[in-house]
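Asks: Below is one structure. I have some questions about it.
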Amino acid sequence: MTSQEKSIVKSIRNFLLVSTREYAIIYMLLSLFIFLSITAQNFLSMNNMVNVFRQSAIFGILAAGEFFVIISGMIDLSVSSTAALSGILFAMIFKAGGVAMAPVAIIVGILAGLIVGLINGLLVSKLEIPPFIATLGSYLYIRGIVYMTTNAYPIVSLVDEYKFLGRGFIFGIPVPVIIMVIVFIVSIILSERKKLGRYFYAIGGNEEAAYLSGIDSVKIKTLAFTVAGLMSAIAGIILMSRLGSGQPNAAIGYEFEAIIAVVLGGVSFSGGKGKALNVFFGTLFVAMLVNGMTILNVNPFAQQIIKGVVFIIAIWADVLRNKTSK
Amino acid sequence: MNNTPILKINNVSKFFPGVTALDAVTMEIYEGEVHAIVGENGAGKSTLIKIISGAYTKDEGSIIFDEHEIENLSPVECINLGISTVHQELRLVEQLTVLENILLGSPIEKSTYFGKFVDWKATRKEAARLLDSMGINISPNALVSELSVAKKQVVEICKALSRNAKLVIMDEPSASLTEKELEVLFRIIRKLKKDGITVIYISHRLEEIFQITDRVTVMRDGKHIITDDVSNIDRRKLIKHMVGREIENIFPDRTISSGYPLLAVESLSIPGVLEDINFTLHEGEILGIAGLVGSGRTELARALFGVDIIGSGEISIRGESTFIRNIPDAIKHKMALIPEDRKLQGLVPDLSVGMNISLVGIDQILKNSLINKMLEKNIAEEYIKILDIQTPSWTQLIKYLSGGNQQKCVLAKWLVVDSDILIFDEPTRGIDVGAKQEIYKLLTKLASQGKGIIMISSELPEIIGISHRILVMHDGRITGEVDPRETSQEEIMYLATI
C-alpha cells in the first residue's frame, strides 16, 4: 500500500471507531435522513414515510429476534425460512377455515416458529453444534418443509380479511408498524429489565463465568433461539398477509437484512454487547436506505452491492471496536 | 556480561487517552545480562515491552537497539533485528508440530528449478539442534497441543533463537509453571546467558528475581524508579520501591478458628481424578490447599462446587449429608467458587461492575419480576464500599478495573447471596503486591465473620502466611496435613511430590 492509501484506510478506521459508539446509529440515521430529504424527491411525503416504516416492520421484527441470539453470542441464519413456514401455515389454515379460523391460523403459525426455535436451541446447546452450521441446516430443511407442504404452489384467492395484519390500519397507523413497535417495547423490557435478558448478556459476554455463577447456559441459549423463532413467526405472518397470498419462496434473504440492522445498531457479533433500541434505529436505517435508493432510481442490482458493502463496513466497525476495547 | 548497553531507552513516553502510560523512561540493558523489570500492574512494564517489540509506537523519546534506532518498526521488523518476545499467553499454533512452530516464518529454503521450497531436511536438523541445546526431551514431531505449558514455553524460546534473537523478552514466563518446571526454565535462561543472549525477565514473583537475574529495574506509575544490581537490593527494599511505601508484614494476623464444622468431606473419589479425599472445614477457618498444578486441587474445588459429579463419597454441609448435583445446588448450600482464571471464568467483561456484582443474587434486585435500577445500584454501592473497590462508578464496565479490583467484584458477587463456604482458587494470581495484601486482609476478615474459606494456592509463602491448616495434595490424593506455624516450604514441597 502506498502511504496515501494507508492514510485513507486510517481515516476510514478512525471514522468507524468514533461513529460506532453507542449512539452512532442515531447520527447515521439522521445523516441519511437529511441526505435523502435533500436529494430524493417525495422522500419526505407522508405517504413515503409511512411506506418506510411499513417496509421496516417485517425486517425490524426479524432483527429483534436476531438481536437476542446475537447478544447471547450466537447467530441464527434460519429466520427467513422460519418466517416462511409460519406464514404458509397461517395462509393454509386461513384459506381452509376462513375468518373464523383466523386465531387458530395465527396460533399455529406462532407455535411453528416456537418449535423451530426450540429445535435450533437444542441443536446448539445440547448437541453443541456451532450456531452458524446448525441454523444453516435449519435454513435449508425448514424451507424444504415449506415447499413440501405447498408443493411449491402459492396459496391464493384468500378473503380480504387475510390482508389485515399486513395492510390494515388502526387509527391511521399501519398494523405492521404497531406490531413492530410493540415487539421493540417488549424487546427493550426483556433485554434490560428481565432476569432472562440479563442472562442473555452474561452468556454472550462470558459463558464460562455465567455457568460458574449458576446460570443454566443450555436453557438460556435454547430460550434465545426460541425468542428468535417467535419473532420470525410474527414477521412471517405479517409478510404473507401483506402479500395477500401464501408464497412458498417468500422472505428469502431476509436474514441478511435482519443481521445488517442488528450490526448497524452497534450490537457486537462477539456477544454480550448492544441495545434493543439501537436495533430499531438500525432497522429504520436499512429501510430508509433501500427506500431512498429506489426513489433515486438506483439499479436494483447495484442496490444489492451497496447493501453488501454496508454490511461489511458495519462488521468491520464491530471488529475495530472489539480490538480497541481490549 | 559486560557493561556495554545493547538496548538504550532514552526519555521514552507513551500517552493513552487520559493516561500517561510511560513517563520519560530512561534505562539501559547490558549485553548478555538477565534483567528483571518489576512493578505493580499498571506500572508500565507491558507498555514498555510492547514498544520495544514493535507492538506499540512510542510518542516521545528514542530507543537504540544494537546500534539501530527503533522507530516505527512492526513486530516482524523487530524480530528481524533480533528482539523476540515470549508472551505470557504463548503464541504457538496448537495444531502444528513443534518443528513447524519453531521454523514458522523463518524456514530454511532451497532453490530448485520450480522456485523456492522449504528444505525440510535442513529445517528438521536445525530444529532438533535447537531443542537438543535446551536439554529437554521434546520430539520435533509432537503436536504442540499435546505439550505441557512448560514445554510449550521451551518451544517458544527455540522459535526466538531460530530467528537469531539477541534479546529475548520473557513476559511472566513463570505464571503457570510448577516448581520443577521453573527449574528447567532457569536452566535455559542460564544457558542463554552463557551464549551471550540478553534476557529481559518480567515476573510478579519476587523470589525468582533474586534467583535468576543480574540487575533489576523497578517501575511505578509509568516512571522508571530505580535500576540496580540484584545483589545490592533485598526483597523489602524492592517492594518498597514498587508500591512507594514500606509494607511491614504483608500477611495480617491470624484469627482464631474454633467454630462448628461447615463442610465435611468423607472418602470422596472421582475415578482417575480424585482418590479418597477426607477433610473438614470449620466456621472461621482458612484451610489452605497446596500442591503442584495437576495435583487435583482445582478438580477438588470443581467437585465440591457441583461442576463435576463425584464418583463416590459423602459431603455434609452443616452436619447434614447432601448430594450436590450441579452449581445451583452448591449455591443453594451457600457455597461459592472464586475461580483461578478471573478473566475467563470469573467476570463478564462487557457488563458493568454493578451487573457483575448482582449476577448470582439477581433475585434480590427484582421488583415485580423486573430489574430495579435503584436496588441494583444500592447493592453495588454497598459492596463497592465494604470491599473498597476502586471504580469511578458502579456503572463502569468491569473490564476497565485493575486485577485486584476485579477480583473483589467476583468475591462481592458471592457475598451478595451470603455464601459462607468460599472456595478461592489462586485468589492472587496476576495481581500486584499491594492488591495481594488487601485480598489477604479480606480473607482474614471473612474468616473472622465465621465464614469457612478454602484457599487453593501455588504460592507457598501466601498459603503458609494466612492459612489455619494446610492440606497438601499430589496425584489426586491428600498426602498430608501440616500446621502453617510449624511447617516449611520444603516440607510442603516434599509432600507435594511424594
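A note on labels: chains of the C-alpha cells are A, B, ... as shown, every chain counts residues from 1, and ligands are counted from 1 in their shown order.
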Show me, as a PDB file with C-alpha atoms, in the first residue's frame, every residue of chain A with an atom at most 7 Å from chain B, counting only C-alpha atoms.
Replies:
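In the end it all went to part15.pdb:
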```
ATOM      1  CA  ARG A 193     -35.347  -5.279  32.821  1.00  0.00           C
ATOM      2  CA  LYS A 194     -35.875  -9.046  32.899  1.00  0.00           C
ATOM      3  CA  LYS A 195     -33.640 -11.612  34.515  1.00  0.00           C
ATOM      4  CA  ALA A 202     -23.996 -12.777  30.622  1.00  0.00           C
ATOM      5  CA  GLY A 205     -20.290 -11.946  27.318  1.00  0.00           C
ATOM      6  CA  ASN A 206     -18.644 -14.883  29.059  1.00  0.00           C
ATOM      7  CA  GLU A 208     -17.923 -19.893  31.414  1.00  0.00           C
ATOM      8  CA  ALA A 209     -18.281 -17.167  34.042  1.00  0.00           C
ATOM      9  CA  LEU A 212     -19.916 -20.809  37.186  1.00  0.00           C
ATOM     10  CA  SER A 213     -22.350 -18.222  38.558  1.00  0.00           C
ATOM     11  CA  GLY A 214     -25.105 -20.818  38.473  1.00  0.00           C
ATOM     12  CA  GLY A 272     -22.833  -9.589  25.277  1.00  0.00           C
ATOM     13  CA  LYS A 273     -22.994  -6.042  23.949  1.00  0.00           C
TER      14      LYS A 273
END
```
Asks: Please provide the set of residues having any atom within 12 Å of Ile305 (chain A), restricted to only C-alpha atoms, with same-chain residues fewer than 6 positions apart removed, written as a list in words.
Replies: Val290, Met293, Val298, Asn299, Phe311 and Ile312 of chain A
Asks: With C-alpha atoms retained, write the just-selected residues as a PDB file, in the first residue's frame.
Replies:
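In the end it all went to out-v7.pdb:
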```
ATOM      1  CA  VAL A 290     -33.494   0.827   0.463  1.00  0.00           C
ATOM      2  CA  MET A 293     -32.140   4.075  -3.395  1.00  0.00           C
ATOM      3  CA  VAL A 298     -30.506   3.120  -8.261  1.00  0.00           C
ATOM      4  CA  ASN A 299     -30.251  -0.041 -10.305  1.00  0.00           C
ATOM      5  CA  PHE A 311     -22.935  -4.935   5.776  1.00  0.00           C
ATOM      6  CA  ILE A 312     -19.189  -5.496   5.511  1.00  0.00           C
TER       7      ILE A 312
END
```
Asks: So, with only C-alpha atoms as the atoms that count, which of A:Gly65, A:Gly292, A:Pro154, A:Gly246 lies closest to Val183 (chain A)?
Replies: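 Smallest distance to Val183 (chain A) is found for A:Gly65.
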Asks: Tell me which protein, DNA and RNA residues are within 7 Å of region 105-116 of chain B, counting only C-alpha atoms, leaving out same-chain ones fewer than 6 positions away, and put them as a list in words.
Replies: Ala122, Thr123 and Arg163 of chain B
Asks: List the neighbours of Gly39 (chain B) out to 6 Å using only C-alpha atoms; skip same-chain residues closer than 3 positions along the sequence, and give me the result as a list in words.
Replies: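 After dropping sequence-adjacent residues, the list is Ala43, Val218, Met219, Arg220 and Met242 of chain B.
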Asks: Please identify all polymer residues within 9 Å of region 228-235 of chain A, counting only C-alpha atoms, omitting same-chain residues fewer than 6 positions from it, and present them as number ranges by chain.
Replies: A: 57-69, 76, 78-87, 106, 109-118, 120, 176, 179-180, 183
Asks: Go ahead and save the residues from that selection, with N, CA and C atoms, as a CSV table (one decimal), in the first residue's frame.
Replies:
```csv
chain,number,residue,atom,x,y,z
A,57,ALA,N,-41.1,-2.8,9.1
A,57,ALA,CA,-41.7,-3.6,10.1
A,57,ALA,C,-41.3,-5.0,10.2
A,58,ILE,N,-41.3,-5.7,9.0
A,58,ILE,CA,-41.0,-7.1,8.9
A,58,ILE,C,-39.6,-7.3,9.3
A,59,PHE,N,-38.7,-6.5,8.7
A,59,PHE,CA,-37.2,-6.7,9.0
A,59,PHE,C,-37.0,-6.4,10.4
A,60,GLY,N,-37.7,-5.4,10.9
A,60,GLY,CA,-37.5,-5.0,12.3
A,60,GLY,C,-37.8,-6.1,13.3
A,61,ILE,N,-38.9,-6.8,13.0
A,61,ILE,CA,-39.3,-7.8,14.0
A,61,ILE,C,-38.3,-9.0,13.9
A,62,LEU,N,-37.9,-9.3,12.6
A,62,LEU,CA,-36.9,-10.3,12.5
A,62,LEU,C,-35.6,-9.9,13.2
A,63,ALA,N,-35.2,-8.6,13.1
A,63,ALA,CA,-34.0,-8.2,13.7
A,63,ALA,C,-34.1,-8.3,15.2
A,64,ALA,N,-35.3,-8.0,15.7
A,64,ALA,CA,-35.4,-8.1,17.2
A,64,ALA,C,-35.2,-9.5,17.7
A,65,GLY,N,-35.7,-10.5,16.9
A,65,GLY,CA,-35.4,-11.9,17.3
A,65,GLY,C,-33.9,-12.2,17.2
A,66,GLU,N,-33.3,-11.8,16.0
A,66,GLU,CA,-31.9,-12.0,15.8
A,66,GLU,C,-31.0,-11.4,16.9
A,67,PHE,N,-31.5,-10.2,17.4
A,67,PHE,CA,-30.8,-9.4,18.4
A,67,PHE,C,-30.5,-10.3,19.6
A,68,PHE,N,-31.6,-11.1,20.1
A,68,PHE,CA,-31.4,-11.9,21.3
A,68,PHE,C,-30.4,-13.0,21.1
A,69,VAL,N,-30.4,-13.6,19.9
A,69,VAL,CA,-29.5,-14.6,19.6
A,69,VAL,C,-28.1,-14.1,19.6
A,76,ASP,N,-28.4,-16.8,14.2
A,76,ASP,CA,-29.5,-17.6,13.7
A,76,ASP,C,-29.7,-17.2,12.2
A,78,SER,N,-31.6,-19.0,10.2
A,78,SER,CA,-32.8,-19.7,9.7
A,78,SER,C,-34.0,-18.8,9.8
A,79,VAL,N,-33.9,-17.6,10.2
A,79,VAL,CA,-35.1,-16.8,10.5
A,79,VAL,C,-36.0,-16.6,9.3
A,80,SER,N,-35.4,-16.5,8.1
A,80,SER,CA,-36.2,-16.3,6.9
A,80,SER,C,-37.1,-17.5,6.6
A,81,SER,N,-36.4,-18.7,6.7
A,81,SER,CA,-37.2,-19.9,6.4
A,81,SER,C,-38.3,-20.1,7.5
A,82,THR,N,-38.0,-19.8,8.7
A,82,THR,CA,-39.0,-19.9,9.8
A,82,THR,C,-40.1,-19.0,9.5
A,83,ALA,N,-39.8,-17.8,9.1
A,83,ALA,CA,-40.9,-16.8,8.8
A,83,ALA,C,-41.8,-17.4,7.7
A,84,ALA,N,-41.2,-18.0,6.6
A,84,ALA,CA,-42.0,-18.6,5.5
A,84,ALA,C,-42.8,-19.7,6.0
A,85,LEU,N,-42.3,-20.6,6.9
A,85,LEU,CA,-43.0,-21.7,7.4
A,85,LEU,C,-44.3,-21.2,8.2
A,86,SER,N,-44.0,-20.3,9.1
A,86,SER,CA,-45.1,-19.8,9.9
A,86,SER,C,-46.2,-19.1,9.0
A,87,GLY,N,-45.7,-18.3,8.1
A,87,GLY,CA,-46.6,-17.6,7.2
A,87,GLY,C,-47.4,-18.5,6.3
A,106,ILE,N,-53.2,-18.0,13.3
A,106,ILE,CA,-52.1,-17.3,14.0
A,106,ILE,C,-51.4,-18.1,15.0
A,109,GLY,N,-49.3,-20.8,13.4
A,109,GLY,CA,-48.1,-20.1,12.8
A,109,GLY,C,-47.0,-19.8,13.9
A,110,ILE,N,-47.5,-19.3,15.0
A,110,ILE,CA,-46.6,-18.9,16.1
A,110,ILE,C,-46.0,-20.1,16.7
A,111,LEU,N,-46.8,-21.2,16.9
A,111,LEU,CA,-46.3,-22.4,17.5
A,111,LEU,C,-45.2,-23.0,16.6
A,112,ALA,N,-45.4,-23.0,15.3
A,112,ALA,CA,-44.4,-23.5,14.4
A,112,ALA,C,-43.1,-22.8,14.6
A,113,GLY,N,-43.1,-21.4,14.8
A,113,GLY,CA,-41.9,-20.6,15.0
A,113,GLY,C,-41.3,-21.0,16.3
A,114,LEU,N,-42.1,-21.2,17.3
A,114,LEU,CA,-41.5,-21.6,18.6
A,114,LEU,C,-40.8,-22.9,18.6
A,115,ILE,N,-41.5,-23.9,17.9
A,115,ILE,CA,-40.9,-25.2,17.8
A,115,ILE,C,-39.6,-25.2,17.0
A,116,VAL,N,-39.5,-24.5,15.9
A,116,VAL,CA,-38.3,-24.4,15.1
A,116,VAL,C,-37.2,-23.7,16.0
A,117,GLY,N,-37.6,-22.7,16.7
A,117,GLY,CA,-36.6,-22.0,17.6
A,117,GLY,C,-36.1,-23.0,18.7
A,118,LEU,N,-37.0,-23.7,19.3
A,118,LEU,CA,-36.6,-24.7,20.3
A,118,LEU,C,-35.6,-25.7,19.7
A,120,ASN,N,-33.7,-25.4,17.1
A,120,ASN,CA,-32.4,-24.7,16.9
A,120,ASN,C,-31.6,-24.6,18.2
A,176,PRO,N,-48.7,-3.4,10.7
A,176,PRO,CA,-47.4,-3.9,10.9
A,176,PRO,C,-46.5,-3.0,11.8
A,179,ILE,N,-47.4,-3.4,15.4
A,179,ILE,CA,-46.9,-4.7,15.9
A,179,ILE,C,-45.4,-4.5,16.1
A,180,MET,N,-44.7,-3.9,15.2
A,180,MET,CA,-43.2,-3.7,15.3
A,180,MET,C,-42.9,-2.9,16.6
A,183,VAL,N,-43.3,-5.0,19.5
A,183,VAL,CA,-42.2,-6.0,19.6
A,183,VAL,C,-41.0,-5.4,20.2
```
Asks: Within region 24-219 of chain B, find each residue whose DSSP state, derived from the backbone, is alpha helix (DSSP H), and express the selection as number ranges by chain.
Replies: B: 45-52, 75-81, 98-102, 120-133, 149-162, 179-194, 206-212
Asks: With only C-alpha atoms as the counted atoms, please give the residues lying no more than 8 Å from Asn72 (chain B), apart from itself and same-chain residues fewer than 2 positions off, as a short mmCIF file (atom, residue, chain, number, x, y, z; two decimals) with N, CA and C atoms, in the first residue's frame.
Replies:
```
data_model
loop_
_atom_site.label_atom_id
_atom_site.label_comp_id
_atom_site.auth_asym_id
_atom_site.auth_seq_id
_atom_site.Cartn_x
_atom_site.Cartn_y
_atom_site.Cartn_z
N GLY B 54 7.80 -3.60 19.18
CA GLY B 54 7.15 -3.10 17.97
C GLY B 54 5.64 -3.19 17.94
N THR B 57 3.75 2.04 19.14
CA THR B 57 4.75 3.05 18.79
C THR B 57 4.83 4.05 19.93
N ILE B 70 15.17 2.25 16.91
CA ILE B 70 13.87 1.61 16.70
C ILE B 70 12.82 2.71 16.55
N SER B 74 7.52 -2.55 12.73
CA SER B 74 6.47 -3.51 13.00
C SER B 74 7.09 -4.64 13.83
#
```
Asks: Apply DSSP to the backbone of this structure and, from region 6-202 of chain A, keep only the residues in strand (DSSP E or B); write these as a VMD selection string.
Replies: chain A and resid 155 169 to 170 173 to 174
Asks: Produce a file of the selected residues containing C-alpha atoms, as a PDB file, in the first residue's frame.
Replies:
```
ATOM      1  CA  ILE A 155     -51.823 -20.212  -1.804  1.00  0.00           C
ATOM      2  CA  PHE A 169     -54.622   0.404   9.604  1.00  0.00           C
ATOM      3  CA  ILE A 170     -55.655   1.187  13.164  1.00  0.00           C
ATOM      4  CA  ILE A 173     -51.320   3.720  11.585  1.00  0.00           C
ATOM      5  CA  PRO A 174     -50.331   0.623   9.604  1.00  0.00           C
TER       6      PRO A 174
END
```
Asks: One decimal, in Å: what's the spacing between CA of Ile70 (chain A) and CA of Val177 (chain A)?
Replies: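 Computed distance, CA of Ile70 (chain A) to CA of Val177 (chain A), equals 23.4 Å.
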Asks: Would you list the contacts of Ser268 (chain A) as a VMD selection string, taking every protein, DNA or RNA residue within 10 Å and counting only C-alpha atoms, but skipping same-chain residues closer than 3 positions in sequence?
Replies: chain A and resid 67 70 to 71 73 204 262 to 265 271 to 275 315 317 to 319 321 to 322
